[in-house]
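> To be precise about what I am sending: the file is called work20.cif and holds mmCIF, C-alpha atoms.
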```
data_coords
loop_
_atom_site.label_atom_id
_atom_site.label_comp_id
_atom_site.auth_asym_id
_atom_site.auth_seq_id
_atom_site.Cartn_x
_atom_site.Cartn_y
_atom_site.Cartn_z
CA MET A 1 -55.32 50.67 -13.34
CA SER A 2 -57.83 48.73 -11.30
CA SER A 3 -56.87 46.75 -8.22
CA GLU A 4 -57.85 43.57 -10.11
CA GLU A 5 -55.29 44.33 -12.82
CA GLU A 6 -52.62 44.99 -10.20
CA GLU A 7 -53.25 41.65 -8.50
CA GLU A 8 -53.14 39.65 -11.76
CA GLY A 9 -50.20 41.52 -13.26
CA SER A 10 -50.98 44.33 -15.62
CA ASP A 11 -51.03 43.90 -19.38
CA ILE A 12 -50.16 46.79 -21.65
CA GLU A 13 -53.29 47.66 -23.63
CA GLY A 14 -54.66 44.13 -23.35
CA GLU A 15 -51.52 42.39 -24.67
CA GLU A 16 -50.22 39.40 -22.75
CA GLU A 17 -46.76 39.73 -21.28
CA GLU A 18 -44.39 37.26 -22.92
CA VAL A 19 -42.23 35.25 -20.53
CA ASP A 20 -39.28 33.24 -21.75
CA HIS A 21 -39.50 30.02 -19.74
CA ARG A 22 -36.44 28.50 -21.45
CA ILE A 23 -34.00 30.15 -19.07
CA GLN A 24 -35.47 28.18 -16.17
CA LEU A 25 -35.12 24.75 -17.81
CA HIS A 26 -31.60 24.05 -16.59
CA ARG A 27 -31.77 25.92 -13.31
CA PRO A 28 -33.53 24.76 -10.16
CA ASN A 29 -36.31 26.89 -8.72
CA LEU A 30 -34.38 28.98 -6.21
CA SER A 31 -37.12 31.47 -5.41
CA SER A 32 -38.22 29.56 -2.31
CA ARG A 33 -34.73 29.39 -0.80
CA ASP A 34 -33.10 32.26 1.03
CA TYR A 35 -29.48 31.15 0.68
CA PRO A 36 -29.08 28.39 -1.93
CA CYS A 37 -25.73 26.61 -2.12
CA GLY A 38 -23.82 27.59 -5.24
CA ILE A 39 -23.19 23.90 -5.98
CA CYS A 40 -26.08 21.69 -4.80
CA HIS A 41 -28.70 24.50 -4.69
CA GLU A 42 -30.06 23.26 -1.36
CA GLU A 43 -30.52 25.92 1.30
CA VAL A 44 -27.51 26.78 3.44
CA LYS A 45 -29.05 27.02 6.90
CA ASP A 46 -27.72 28.65 10.05
CA GLU A 47 -26.86 25.26 11.55
CA ASP A 48 -24.94 24.18 8.42
CA GLU A 49 -21.25 24.80 8.00
CA GLY A 50 -21.70 27.45 5.34
CA ILE A 51 -19.13 29.68 3.69
CA PHE A 52 -19.72 32.83 1.66
CA CYS A 53 -17.85 33.74 -1.51
CA GLU A 54 -17.01 37.29 -0.44
CA SER A 55 -14.43 37.96 -3.09
CA GLY A 56 -16.46 36.89 -6.11
CA CYS A 57 -19.99 35.70 -6.81
CA GLU A 58 -21.37 36.39 -3.32
CA LYS A 59 -23.07 33.00 -3.07
CA TRP A 60 -23.24 30.69 -0.07
CA TYR A 61 -21.78 27.17 -0.16
CA HIS A 62 -21.95 24.16 2.12
CA ARG A 63 -18.45 23.36 3.39
CA GLN A 64 -18.72 19.82 2.05
CA CYS A 65 -19.98 20.95 -1.38
CA ALA A 66 -17.01 23.32 -1.69
CA GLY A 67 -14.63 20.47 -0.85
CA MET A 68 -13.31 22.21 2.24
CA SER A 69 -12.00 20.14 5.14
CA LYS A 70 -13.40 20.63 8.64
CA LEU A 71 -10.00 21.90 9.83
CA ALA A 72 -9.78 24.48 7.01
CA TYR A 73 -13.36 25.60 7.73
CA ASP A 74 -12.60 26.01 11.44
CA LEU A 75 -9.45 28.02 10.71
CA LEU A 76 -11.23 30.20 8.15
CA THR A 77 -14.19 30.99 10.38
CA ARG A 78 -11.94 31.87 13.35
CA GLU A 79 -10.09 34.56 11.38
CA ASP A 80 -12.02 37.86 11.33
CA THR A 81 -10.26 39.29 8.29
CA ALA A 82 -10.25 36.13 6.17
CA GLU A 83 -12.11 36.19 2.87
CA TRP A 84 -12.99 33.08 0.93
CA ALA A 85 -13.69 32.74 -2.79
CA CYS A 86 -15.11 29.70 -4.56
CA ASP A 87 -13.05 27.82 -7.14
CA THR A 88 -15.13 29.20 -10.01
CA CYS A 89 -14.46 32.80 -9.02
CA ILE A 90 -10.78 32.16 -8.33
CA HIS A 91 -10.34 30.86 -11.89
CA SER A 92 -12.78 33.02 -13.85
CA LYS A 93 -12.16 36.34 -12.09
CA LYS A 94 -8.48 35.72 -11.39
CA ILE A 95 -8.88 36.39 -7.69
CA PRO A 96 -5.53 36.08 -5.88
CA MET A 97 -5.22 33.26 -3.36
CA VAL A 98 -3.87 35.70 -0.77
CA LYS A 99 -4.72 39.38 -0.34
CA THR A 100 -2.45 41.77 1.45
CA VAL A 101 -3.80 44.47 3.71
CA THR A 102 -1.97 47.63 4.57
CA LEU A 103 -2.52 48.77 8.14
CA ASN A 104 -2.25 52.42 9.02
CA ILE A 105 -0.83 52.59 12.52
CA SER A 106 -0.61 56.06 13.98
#
```
What is this file in structure tokens?

Amino acid sequence: MSSEEEEEGSDIEGEEEEVDHRIQLHRPNLSSRDYPCGICHEEVKDEDEGIFCESGCEKWYHRQCAGMSKLAYDLLTREDTAEWACDTCIHSKKIPMVKTVTLNIS
């Protein structure tokens, strides 16, 4: 394979690679964003009040987009062992609202 073919994307024996563009019609272009919000799709930046769906989809959300109050956000982010899940994951994956942790104390 020549370096020119590698730069342009290689074709198998001269055939063009088919790309289904339909899957992108209803989704925003997220390739330029590092951490898109799972609701508004705008980037969740370091200075934003962002929360991560640790127990489910592993997407970031703006606090406001997730409908979380400032007080709830402050309490959640102060607790080291707290895990948050978005509403979609709570309902679709049947994630419990509270998880119990067993501590082994020797």
> What's the 12 Å shell around range 35-51 of chain A, counting all atoms listed in the file, without same-chain residues fewer than 5 positions away, as a ChimeraX atom specification?
/A:27-30,56-74,76-77,82-89
> In Å, with one decimal, what is the gap from CA of Glu54 in chain A to CA of Ile105 in chain A?
25.8 Å
> Enter the distance from CA of Met97 in chain A to CA of Cys53 in chain A, in Å, rounded to one decimal.
12.8 Å
